>>> print(open('work-v9.cif').read())   # mmCIF, C-alpha atoms and all ligand atoms
data_protein
loop_
_atom_site.group_PDB
_atom_site.id
_atom_site.type_symbol
_atom_site.label_atom_id
_atom_site.label_comp_id
_atom_site.auth_asym_id
_atom_site.auth_seq_id
_atom_site.Cartn_x
_atom_site.Cartn_y
_atom_site.Cartn_z
ATOM 1 C CA MET A 27 0.000 0.000 0.000
ATOM 2 C CA THR A 28 1.342 3.468 -0.860
ATOM 3 C CA MET A 29 1.791 5.428 2.306
ATOM 4 C CA ASN A 30 3.112 8.879 1.884
ATOM 5 C CA ILE A 31 2.253 10.920 4.929
ATOM 6 C CA THR A 32 3.498 14.485 5.190
ATOM 7 C CA LYS A 33 2.802 16.456 8.310
ATOM 8 C CA ILE A 34 1.313 19.808 7.270
ATOM 9 C CA ALA A 35 -0.030 21.384 10.462
ATOM 10 C CA ASN A 36 -0.634 20.975 14.153
ATOM 11 C CA VAL A 37 -3.704 22.272 15.935
ATOM 12 C CA PRO A 38 -4.126 21.756 19.676
ATOM 13 C CA ASP A 39 -6.020 18.470 19.644
ATOM 14 C CA LEU A 40 -5.455 17.215 16.116
ATOM 15 C CA GLU A 41 -2.518 15.731 14.289
ATOM 16 C CA VAL A 42 -3.186 16.732 10.704
ATOM 17 C CA THR A 43 -1.560 14.723 7.952
ATOM 18 C CA ARG A 44 -1.698 14.565 4.168
ATOM 19 C CA THR A 45 -1.565 11.192 2.488
ATOM 20 C CA SER A 46 -2.123 9.579 -0.868
ATOM 21 C CA THR A 47 -4.724 6.945 -0.191
ATOM 22 C CA ARG A 48 -6.160 4.062 -2.170
ATOM 23 C CA VAL A 49 -9.813 3.528 -3.049
ATOM 24 C CA ALA A 50 -10.876 0.194 -1.514
ATOM 25 C CA ARG A 51 -14.466 0.347 -2.824
ATOM 26 C CA HIS A 52 -16.790 2.840 -4.471
ATOM 27 C CA ASN A 53 -20.495 2.295 -3.861
ATOM 28 C CA ARG A 54 -23.468 3.934 -5.515
ATOM 29 C CA LEU A 55 -26.139 4.395 -2.816
ATOM 30 C CA SER A 56 -28.842 6.277 -4.739
ATOM 31 C CA GLU A 57 -29.369 8.126 -8.004
ATOM 32 C CA SER A 58 -26.794 10.779 -7.026
ATOM 33 C CA GLY A 59 -25.456 9.539 -3.678
ATOM 34 C CA TYR A 60 -22.129 7.701 -3.530
ATOM 35 C CA GLU A 61 -19.884 6.243 -0.854
ATOM 36 C CA LEU A 62 -16.128 6.232 -1.266
ATOM 37 C CA VAL A 63 -14.371 3.679 0.930
ATOM 38 C CA LEU A 64 -10.742 4.699 1.369
ATOM 39 C CA GLU A 65 -7.747 2.997 2.935
ATOM 40 C CA ARG A 66 -7.241 4.556 6.334
ATOM 41 C CA ASN A 67 -3.438 4.781 6.165
ATOM 42 C CA GLY A 68 -3.194 5.185 9.927
ATOM 43 C CA LEU A 69 -5.492 8.215 10.062
ATOM 44 C CA VAL A 70 -6.674 8.788 13.646
ATOM 45 C CA PHE A 71 -9.874 10.799 14.082
ATOM 46 C CA ASP A 72 -12.844 11.415 16.375
ATOM 47 C CA ALA A 73 -16.363 10.822 15.078
ATOM 48 C CA GLY A 74 -17.584 14.036 13.447
ATOM 49 C CA ARG A 75 -14.230 15.191 12.076
ATOM 50 C CA LEU A 76 -13.640 16.182 8.456
ATOM 51 C CA ILE A 77 -11.108 15.398 5.802
ATOM 52 C CA THR A 78 -10.133 17.337 2.719
ATOM 53 C CA LEU A 79 -10.079 15.471 -0.574
ATOM 54 C CA HIS A 80 -7.604 17.159 -2.868
ATOM 55 C CA GLY A 81 -8.096 17.990 -6.521
ATOM 56 C CA LYS A 82 -5.488 19.144 -9.040
ATOM 57 C CA ASP A 83 -4.870 22.381 -7.140
ATOM 58 C CA VAL A 84 -6.134 24.110 -4.025
ATOM 59 C CA THR A 85 -9.190 25.557 -5.822
ATOM 60 C CA GLU A 86 -10.450 21.990 -6.302
ATOM 61 C CA ASP A 87 -10.026 20.847 -2.692
ATOM 62 C CA ARG A 88 -13.286 20.024 -0.884
ATOM 63 C CA SER A 89 -14.236 19.071 2.686
ATOM 64 C CA TYR A 90 -16.049 15.843 3.626
ATOM 65 C CA THR A 91 -17.139 14.499 6.964
ATOM 66 C CA ILE A 92 -15.811 11.034 7.720
ATOM 67 C CA ALA A 93 -18.929 8.835 7.682
ATOM 68 C CA SER A 94 -17.277 5.814 9.317
ATOM 69 C CA GLY A 95 -16.604 5.203 12.984
ATOM 70 C CA GLU A 96 -13.409 5.741 14.932
ATOM 71 C CA ARG A 97 -12.635 2.012 15.023
ATOM 72 C CA ASP A 98 -13.729 1.160 11.464
ATOM 73 C CA GLU A 99 -11.158 -0.274 9.107
ATOM 74 C CA HIS A 100 -11.750 2.314 6.381
ATOM 75 C CA VAL A 101 -12.556 5.981 5.941
ATOM 76 C CA HIS A 102 -16.018 6.297 4.404
ATOM 77 C CA VAL A 103 -17.013 9.422 2.486
ATOM 78 C CA LEU A 104 -20.681 9.930 1.657
ATOM 79 C CA TYR A 105 -21.055 12.410 -1.193
ATOM 80 C CA ARG A 106 -23.609 13.762 -3.596
ATOM 81 C CA TYR A 107 -22.581 13.952 -7.250
ATOM 82 C CA VAL A 108 -23.031 17.557 -8.378
ATOM 83 C CA PRO A 109 -22.750 17.495 -12.219
ATOM 84 C CA THR A 110 -21.975 21.239 -12.332
ATOM 85 C CA GLY A 111 -19.467 20.966 -9.501
ATOM 86 C CA VAL A 112 -15.677 20.808 -9.575
ATOM 87 C CA LEU A 113 -14.508 17.855 -7.494
ATOM 88 C CA THR A 114 -17.445 15.428 -7.441
ATOM 89 C CA PRO A 115 -17.353 14.893 -11.247
ATOM 90 C CA GLN A 116 -13.767 13.717 -10.631
ATOM 91 C CA LEU A 117 -14.723 11.623 -7.603
ATOM 92 C CA ILE A 118 -17.341 9.592 -9.465
ATOM 93 C CA ARG A 119 -14.694 8.409 -11.908
ATOM 94 C CA LEU A 120 -12.571 6.878 -9.122
ATOM 95 C CA GLN A 121 -12.344 3.111 -9.196
ATOM 96 C CA GLU A 122 -11.062 0.489 -6.807
ATOM 97 C CA GLY A 123 -7.258 0.717 -6.676
ATOM 98 C CA ASP A 124 -7.079 4.385 -7.762
ATOM 99 C CA THR A 125 -5.471 6.855 -5.377
ATOM 100 C CA ILE A 126 -6.524 10.271 -4.125
ATOM 101 C CA ASP A 127 -4.861 12.758 -1.798
ATOM 102 C CA LEU A 128 -6.545 13.193 1.553
ATOM 103 C CA SER A 129 -5.678 15.426 4.501
ATOM 104 C CA GLY A 130 -7.117 15.682 7.964
ATOM 105 C CA PRO A 131 -8.606 15.356 10.416
ATOM 106 C CA TYR A 132 -10.185 18.801 10.787
ATOM 107 C CA GLY A 133 -13.308 20.281 12.344
ATOM 108 C CA GLN A 134 -15.036 20.454 15.696
ATOM 109 C CA PHE A 135 -18.402 18.775 15.033
ATOM 110 C CA VAL A 136 -17.802 16.043 17.595
ATOM 111 C CA VAL A 137 -20.174 14.693 20.251
ATOM 112 C CA ARG A 138 -19.708 16.845 23.352
ATOM 113 C CA ASP A 139 -21.524 14.549 25.785
ATOM 114 C CA THR A 140 -22.360 10.925 24.963
ATOM 115 C CA GLN A 141 -24.566 10.608 28.089
ATOM 116 C CA ARG A 142 -27.119 13.258 27.076
ATOM 117 C CA PRO A 143 -29.871 12.875 24.461
ATOM 118 C CA LEU A 144 -28.673 13.989 21.046
ATOM 119 C CA TRP A 145 -31.049 15.308 18.396
ATOM 120 C CA PHE A 146 -29.436 15.274 14.969
ATOM 121 C CA ILE A 147 -31.155 17.260 12.227
ATOM 122 C CA ALA A 148 -29.733 16.792 8.742
ATOM 123 C CA THR A 149 -30.448 17.381 5.090
ATOM 124 C CA GLY A 150 -29.087 15.046 2.417
ATOM 125 C CA THR A 151 -25.470 14.007 2.904
ATOM 126 C CA GLY A 152 -25.443 16.008 6.152
ATOM 127 C CA VAL A 153 -26.317 12.743 7.832
ATOM 128 C CA ALA A 154 -22.675 11.604 7.422
ATOM 129 C CA PRO A 155 -21.413 12.707 10.873
ATOM 130 C CA CYS A 156 -24.406 11.072 12.534
ATOM 131 C CA ARG A 157 -23.378 7.786 10.964
ATOM 132 C CA ALA A 158 -19.868 8.239 12.405
ATOM 133 C CA TYR A 159 -21.439 8.940 15.822
ATOM 134 C CA ILE A 160 -23.501 5.745 15.948
ATOM 135 C CA ARG A 161 -20.686 3.569 14.655
ATOM 136 C CA THR A 162 -18.469 4.983 17.403
ATOM 137 C CA HIS A 163 -21.074 5.375 20.184
ATOM 138 C CA PRO A 164 -23.742 2.725 19.442
ATOM 139 C CA ASP A 165 -25.602 3.378 22.733
ATOM 140 C CA LEU A 166 -26.173 7.055 21.998
ATOM 141 C CA ASP A 167 -29.671 8.298 22.940
ATOM 142 C CA LEU A 168 -30.234 9.534 19.391
ATOM 143 C CA THR A 169 -33.166 11.159 17.630
ATOM 144 C CA LEU A 170 -32.447 11.655 13.927
ATOM 145 C CA ILE A 171 -34.551 13.879 11.695
ATOM 146 C CA HIS A 172 -33.328 13.445 8.139
ATOM 147 C CA GLY A 173 -34.665 15.642 5.351
ATOM 148 C CA VAL A 174 -34.321 14.364 1.783
ATOM 149 C CA ARG A 175 -36.247 14.685 -1.443
ATOM 150 C CA LYS A 176 -36.786 10.998 -2.072
ATOM 151 C CA GLU A 177 -36.773 7.818 -0.020
ATOM 152 C CA ASP A 178 -33.843 6.625 -2.119
ATOM 153 C CA ASP A 179 -31.653 9.236 -0.382
ATOM 154 C CA LEU A 180 -32.215 7.942 3.143
ATOM 155 C CA PHE A 181 -28.563 6.989 3.352
ATOM 156 C CA TYR A 182 -27.672 4.305 5.944
ATOM 157 C CA ARG A 183 -31.354 3.913 6.802
ATOM 158 C CA SER A 184 -30.964 0.332 8.064
ATOM 159 C CA GLU A 185 -28.329 1.474 10.562
ATOM 160 C CA PHE A 186 -30.462 4.353 11.862
ATOM 161 C CA GLU A 187 -33.733 2.451 12.249
ATOM 162 C CA ARG A 188 -32.866 1.191 15.725
ATOM 163 C CA TYR A 189 -32.857 4.792 16.977
ATOM 164 C CA ALA A 190 -35.698 7.359 17.017
ATOM 165 C CA TYR A 191 -35.572 7.886 13.259
ATOM 166 C CA HIS A 192 -37.747 10.419 11.441
ATOM 167 C CA PRO A 193 -37.223 10.725 7.686
ATOM 168 C CA CYS A 194 -38.818 13.822 6.144
ATOM 169 C CA LEU A 195 -39.454 13.551 2.404
ATOM 170 C CA THR A 196 -40.106 16.691 0.377
ATOM 171 C CA SER A 197 -40.779 15.204 -3.083
ATOM 172 C CA GLU A 198 -42.546 11.974 -2.212
ATOM 173 C CA SER A 199 -45.118 10.937 0.301
ATOM 174 C CA GLY A 200 -45.704 7.385 1.510
ATOM 175 C CA ALA A 201 -44.773 5.765 4.780
ATOM 176 C CA PHE A 202 -42.744 8.746 5.975
ATOM 177 C CA PHE A 203 -43.435 12.330 7.025
ATOM 178 C CA HIS A 204 -44.073 14.504 3.981
ATOM 179 C CA GLY A 205 -42.446 17.948 4.342
ATOM 180 C CA ARG A 206 -39.310 19.711 5.471
ATOM 181 C CA VAL A 207 -37.519 19.064 8.754
ATOM 182 C CA THR A 208 -38.858 22.429 9.985
ATOM 183 C CA ASP A 209 -42.437 21.243 9.311
ATOM 184 C CA PHE A 210 -41.689 18.145 11.353
ATOM 185 C CA LEU A 211 -40.197 20.108 14.251
ATOM 186 C CA ALA A 212 -42.702 22.995 14.362
ATOM 187 C CA PRO A 213 -45.520 21.325 16.359
ATOM 188 C CA ARG A 214 -43.207 19.368 18.655
ATOM 189 C CA ALA A 215 -42.064 20.108 22.175
ATOM 190 C CA LEU A 216 -38.302 19.692 22.312
ATOM 191 C CA PRO A 217 -36.344 18.415 25.322
ATOM 192 C CA ARG A 218 -34.385 21.231 26.968
ATOM 193 C CA GLU A 219 -31.640 18.911 28.197
ATOM 194 C CA ALA A 220 -30.822 17.509 24.739
ATOM 195 C CA GLN A 221 -27.911 18.568 22.530
ATOM 196 C CA TYR A 222 -28.915 19.612 18.992
ATOM 197 C CA TYR A 223 -26.634 18.921 16.027
ATOM 198 C CA LEU A 224 -27.574 20.513 12.699
ATOM 199 C CA CYS A 225 -25.806 19.525 9.477
ATOM 200 C CA GLY A 226 -26.290 20.049 5.744
ATOM 201 C CA ALA A 227 -27.680 22.964 3.754
ATOM 202 C CA TYR A 228 -27.149 26.379 5.365
ATOM 203 C CA GLU A 229 -30.762 27.376 4.650
ATOM 204 C CA MET A 230 -32.004 24.479 6.809
ATOM 205 C CA ILE A 231 -29.486 25.271 9.537
ATOM 206 C CA TYR A 232 -30.574 28.931 9.779
ATOM 207 C CA ASP A 233 -34.281 27.986 9.889
ATOM 208 C CA VAL A 234 -33.873 25.192 12.430
ATOM 209 C CA GLN A 235 -31.536 27.215 14.614
ATOM 210 C CA ALA A 236 -34.103 30.060 14.764
ATOM 211 C CA MET A 237 -36.844 27.559 15.582
ATOM 212 C CA LEU A 238 -34.833 25.921 18.374
ATOM 213 C CA LEU A 239 -34.074 29.298 19.938
ATOM 214 C CA ASP A 240 -37.779 30.238 19.673
ATOM 215 C CA LYS A 241 -38.642 27.035 21.497
ATOM 216 C CA GLY A 242 -36.326 27.970 24.344
ATOM 217 C CA ILE A 243 -33.335 25.758 23.589
ATOM 218 C CA ASP A 244 -30.152 27.142 25.132
ATOM 219 C CA PRO A 245 -27.791 28.333 22.356
ATOM 220 C CA SER A 246 -24.929 26.478 24.053
ATOM 221 C CA HIS A 247 -26.772 23.210 23.312
ATOM 222 C CA ILE A 248 -26.809 23.831 19.546
ATOM 223 C CA PHE A 249 -23.931 22.780 17.244
ATOM 224 C CA VAL A 250 -23.872 23.325 13.500
ATOM 225 C CA GLU A 251 -21.922 22.181 10.441
ATOM 226 C CA GLY A 252 -22.894 23.909 7.163
ATOM 227 C CA TYR A 253 -22.062 22.091 3.926
ATOM 228 C CA TYR A 254 -23.468 24.216 1.114
ATOM 229 C CA TYR A 255 -26.038 26.751 -0.059
ATOM 230 C CA ARG A 256 -28.757 25.353 -2.278
ATOM 231 C CA LEU A 257 -28.358 26.840 -5.739
ATOM 232 C CA GLU A 258 -31.590 25.479 -7.146
ATOM 233 C CA THR A 259 -34.969 26.994 -6.203
HETATM 234 C C1 LIG A 301 -17.415 21.390 6.505
HETATM 235 C C2 LIG A 301 -17.952 20.745 5.241
HETATM 236 C C3 LIG A 301 -18.195 19.376 5.206
HETATM 237 C C4 LIG A 301 -18.729 18.799 4.047
HETATM 238 N N1 LIG A 301 -18.996 17.457 4.036
HETATM 239 C C5 LIG A 301 -19.602 16.915 2.952
HETATM 240 C C6 LIG A 301 -19.946 15.531 2.938
HETATM 241 O O1 LIG A 301 -19.685 14.779 3.878
HETATM 242 N N2 LIG A 301 -20.593 15.048 1.833
HETATM 243 C C7 LIG A 301 -20.884 15.880 0.767
HETATM 244 O O2 LIG A 301 -21.490 15.395 -0.229
HETATM 245 N N3 LIG A 301 -20.533 17.164 0.754
HETATM 246 C C8 LIG A 301 -19.890 17.694 1.802
HETATM 247 N N4 LIG A 301 -19.520 19.003 1.777
HETATM 248 C C9 LIG A 301 -19.641 19.742 0.504
HETATM 249 C C10 LIG A 301 -18.383 19.418 -0.342
HETATM 250 O O3 LIG A 301 -17.253 20.055 0.250
HETATM 251 C C11 LIG A 301 -18.496 19.879 -1.802
HETATM 252 O O4 LIG A 301 -18.877 21.245 -1.825
HETATM 253 C C12 LIG A 301 -19.486 19.049 -2.587
HETATM 254 O O5 LIG A 301 -19.091 17.676 -2.601
HETATM 255 C C13 LIG A 301 -19.602 19.503 -4.045
HETATM 256 O O6 LIG A 301 -18.295 19.595 -4.571
HETATM 257 P P1 LIG A 301 -18.060 20.038 -6.079
HETATM 258 O O7 LIG A 301 -16.674 20.529 -6.224
HETATM 259 O O8 LIG A 301 -18.495 18.960 -7.027
HETATM 260 O O9 LIG A 301 -19.090 21.239 -6.254
HETATM 261 P P2 LIG A 301 -18.959 22.706 -5.606
HETATM 262 O O10 LIG A 301 -18.398 23.619 -6.631
HETATM 263 O O11 LIG A 301 -18.242 22.636 -4.278
HETATM 264 O O12 LIG A 301 -20.455 23.021 -5.293
HETATM 265 C C14 LIG A 301 -21.392 23.350 -6.309
HETATM 266 C C15 LIG A 301 -22.765 23.456 -5.708
HETATM 267 O O13 LIG A 301 -23.229 22.140 -5.379
HETATM 268 C C16 LIG A 301 -24.171 22.182 -4.329
HETATM 269 N N5 LIG A 301 -23.737 21.215 -3.303
HETATM 270 C C17 LIG A 301 -22.528 21.139 -2.696
HETATM 271 N N6 LIG A 301 -22.484 20.111 -1.838
HETATM 272 C C18 LIG A 301 -23.681 19.515 -1.902
HETATM 273 C C19 LIG A 301 -24.251 18.400 -1.246
HETATM 274 N N7 LIG A 301 -23.550 17.685 -0.341
HETATM 275 N N8 LIG A 301 -25.541 18.063 -1.526
HETATM 276 C C20 LIG A 301 -26.259 18.791 -2.432
HETATM 277 N N9 LIG A 301 -25.762 19.876 -3.086
HETATM 278 C C21 LIG A 301 -24.502 20.226 -2.823
HETATM 279 C C22 LIG A 301 -24.189 23.588 -3.802
HETATM 280 O O14 LIG A 301 -25.299 24.288 -4.296
HETATM 281 C C23 LIG A 301 -22.887 24.155 -4.338
HETATM 282 O O15 LIG A 301 -22.916 25.532 -4.418
HETATM 283 C C24 LIG A 301 -18.987 19.602 2.909
HETATM 284 C C25 LIG A 301 -18.684 20.984 2.944
HETATM 285 C C26 LIG A 301 -18.189 21.539 4.091
HETATM 286 C C27 LIG A 301 -17.908 23.040 4.101
#
>>> encode(input="work-v9.cif", output="structure tokens", more="lines below")
Ligand SMILES: Cc1cc2nc3c(=O)[nH]c(=O)nc-3n(C[C@H](O)[C@H](O)[C@H](O)COP(=O)(O)OP(=O)(O)OC[C@H]3O[C@@H](n4cnc5c(N)ncnc54)[C@H](O)[C@@H]3O)c2cc1C
Amino acid sequence: MTMNITKIANVPDLEVTRTSTRVARHNRLSESGYELVLERNGLVFDAGRLITLHGKDVTEDRSYTIASGERDEHVHVLYRYVPTGVLTPQLIRLQEGDTIDLSGPYGQFVVRDTQRPLWFIATGTGVAPCRAYIRTHPDLDLTLIHGVRKEDDLFYRSEFERYAYHPCLTSESGAFFHGRVTDFLAPRALPREAQYYLCGAYEMIYDVQAMLLDKGIDPSHIFVEGYYYRLET
């Protein structure tokens, strides 16, 4: 296995490295959702941390939450293919045995207290850190509210179903709640003692954050990780 680790920075609690890593598997999970399974190359991380996948130059580098657990053999990256994007059209061409440069870990979106209830509110691929949490802390008292367009995009559904799991579908109805995560949350009383983790589209994060504050949740119990602004209307 190629292992070419170069130390590039030190932050107080993280040893950040850059490495050329091999693709172990590449799975298509839905129409536009993919999972890259990468050789770990000794990368040490806490659940909720990020990596950077590197393109040809720094303008092509993009951040991804590690979707696997701290003790998993591989680094999993859950990503949405954006045809008009820069890096994901390159990622979907990667095949088993190819290599890609990765650096990390970065970020602060880690579980602060594994003993307290954790409400995770995500859109789309924003569910990735939650998957890392449950693979690392399987006994977490988790409530997951996952907003997607279609049932197909309920990534890792079978792993989440043993928790309080509330898919919210905007483009399809059926067995699940039909509407946005904010529609789901609006009529509900929310536990004051819980920690709230919000991840995905910034528009969702702003709306949910405002709603949580309106409902009396202490701002110090709210943690956010914004991925992107929705370009489409
Ligand atoms: C802290 C952080 C963590 C991130 N973690 C992830 C992750 O785990 N998985 C992931 O798929 N993306 C993640 N992203 C987004 C990722 O960095 C890229 O922006 C994304 O993969 C698209 O890359 P691109 O170069 O193809 O397109 P870009 O040029 O980066 O983006 C083009 C447009 O695509 C849309 N877009 C970007 N990301 C998404 C998405 N995930 N779902 C739907 N639309 C999107 C936005 O409208 C964006 O403006 C994260 C971003 C940040 C800042």
>>> closest_residue(input="work-v9.cif", among="A:Asp87, A:Asp72, A:Asp167, A:Glu61", to="Ile118 of chain A", atoms="all atoms listed in the file")
A:Glu61
>>> residues_near_ligand(input="work-v9.cif", ligand="ligand LIG 301 (chain A)", cutoff="6 Å", atoms="all atoms listed in the file", output="list in words")
Arg88, Ser89, Tyr90, Thr91, Leu104, Tyr105, Arg106, Val108, Gly111, Val112, Leu113, Thr114, Pro115, Thr151, Ala154, Gly252, Tyr253, Tyr254, Tyr255, Arg256 and Leu257 of chain A
>>> axis_aligned_box(input="work-v9.cif", around="segment 244-255 of chain A", padding_each_side="6 Å", output="JSON")
{"center_x": -26.0, "center_y": 25.2, "center_z": 12.5, "size_x": 20.2, "size_y": 18.2, "size_z": 37.2}
>>> resolve_selection(input="work-v9.cif", expression="the PyMOL selection byres (((chain A and resi 235) around 12) and not hetatm)", output="number ranges by chain")
A: 147, 207-208, 211-212, 222-225, 228-234, 236-252
>>> atom_distance(input="work-v9.cif", atom1="atom CA of Gly130 of chain A", atom2="atom CA of Leu55 of chain A")
24.6 Å
>>> resolve_selection(input="work-v9.cif", expression="the PyMOL selection byres (((chain A and resi 125) around 7) and not hetatm)", output="ChimeraX atom specification")
/A:46-49,123-124,126-127
>>> resolve_selection(input="work-v9.cif", expression="the PyMOL selection byres (((chain A and resi 190) around 9) and not hetatm)", output="PDB file with C-alpha atoms, keeping the file's coordinate frame")
ATOM      1  CA  ASP A 167     -29.671   8.298  22.940  1.00  0.00           C
ATOM      2  CA  LEU A 168     -30.234   9.534  19.391  1.00  0.00           C
ATOM      3  CA  THR A 169     -33.166  11.159  17.630  1.00  0.00           C
ATOM      4  CA  LEU A 170     -32.447  11.655  13.927  1.00  0.00           C
ATOM      5  CA  ILE A 171     -34.551  13.879  11.695  1.00  0.00           C
ATOM      6  CA  PHE A 186     -30.462   4.353  11.862  1.00  0.00           C
ATOM      7  CA  GLU A 187     -33.733   2.451  12.249  1.00  0.00           C
ATOM      8  CA  ARG A 188     -32.866   1.191  15.725  1.00  0.00           C
ATOM      9  CA  TYR A 189     -32.857   4.792  16.977  1.00  0.00           C
ATOM     10  CA  TYR A 191     -35.572   7.886  13.259  1.00  0.00           C
ATOM     11  CA  HIS A 192     -37.747  10.419  11.441  1.00  0.00           C
TER      12      HIS A 192
END
>>> atom_distance(input="work-v9.cif", atom1="atom CA of Leu166 of chain A", atom2="atom CA of Phe181 of chain A")
18.8 Å
>>> closest_residue(input="work-v9.cif", among="A:Phe210, A:Ser129, A:Val103, A:His52", to="His80 of chain A", atoms="only C-alpha atoms")
A:Ser129
>>> residues_around(input="work-v9.cif", residues="Arg206 of chain A", least_positions_apart="2", cutoff="10 Å", atoms="all atoms listed in the file", output="MDAnalysis selection string")
chainID A and resid 149 171:175 193:197 203:204 208:211 230
>>> atom_distance(input="work-v9.cif", atom1="atom CA of Gln134 of chain A", atom2="atom CA of Arg183 of chain A")
24.9 Å
>>> closest_residue(input="work-v9.cif", among="A:Leu40, A:Thr45, A:Gly205, A:Ala158", to="Asn67 of chain A", atoms="only C-alpha atoms")
A:Thr45
>>> closest_residue(input="work-v9.cif", among="A:Ala50, A:Glu57, A:Asp98, A:Glu86", to="Val70 of chain A", atoms="only C-alpha atoms")
A:Asp98
>>> closest_residue(input="work-v9.cif", among="A:Pro131, A:Arg54, A:Gly150, A:Pro164", to="Ala227 of chain A", atoms="only C-alpha atoms")
A:Gly150
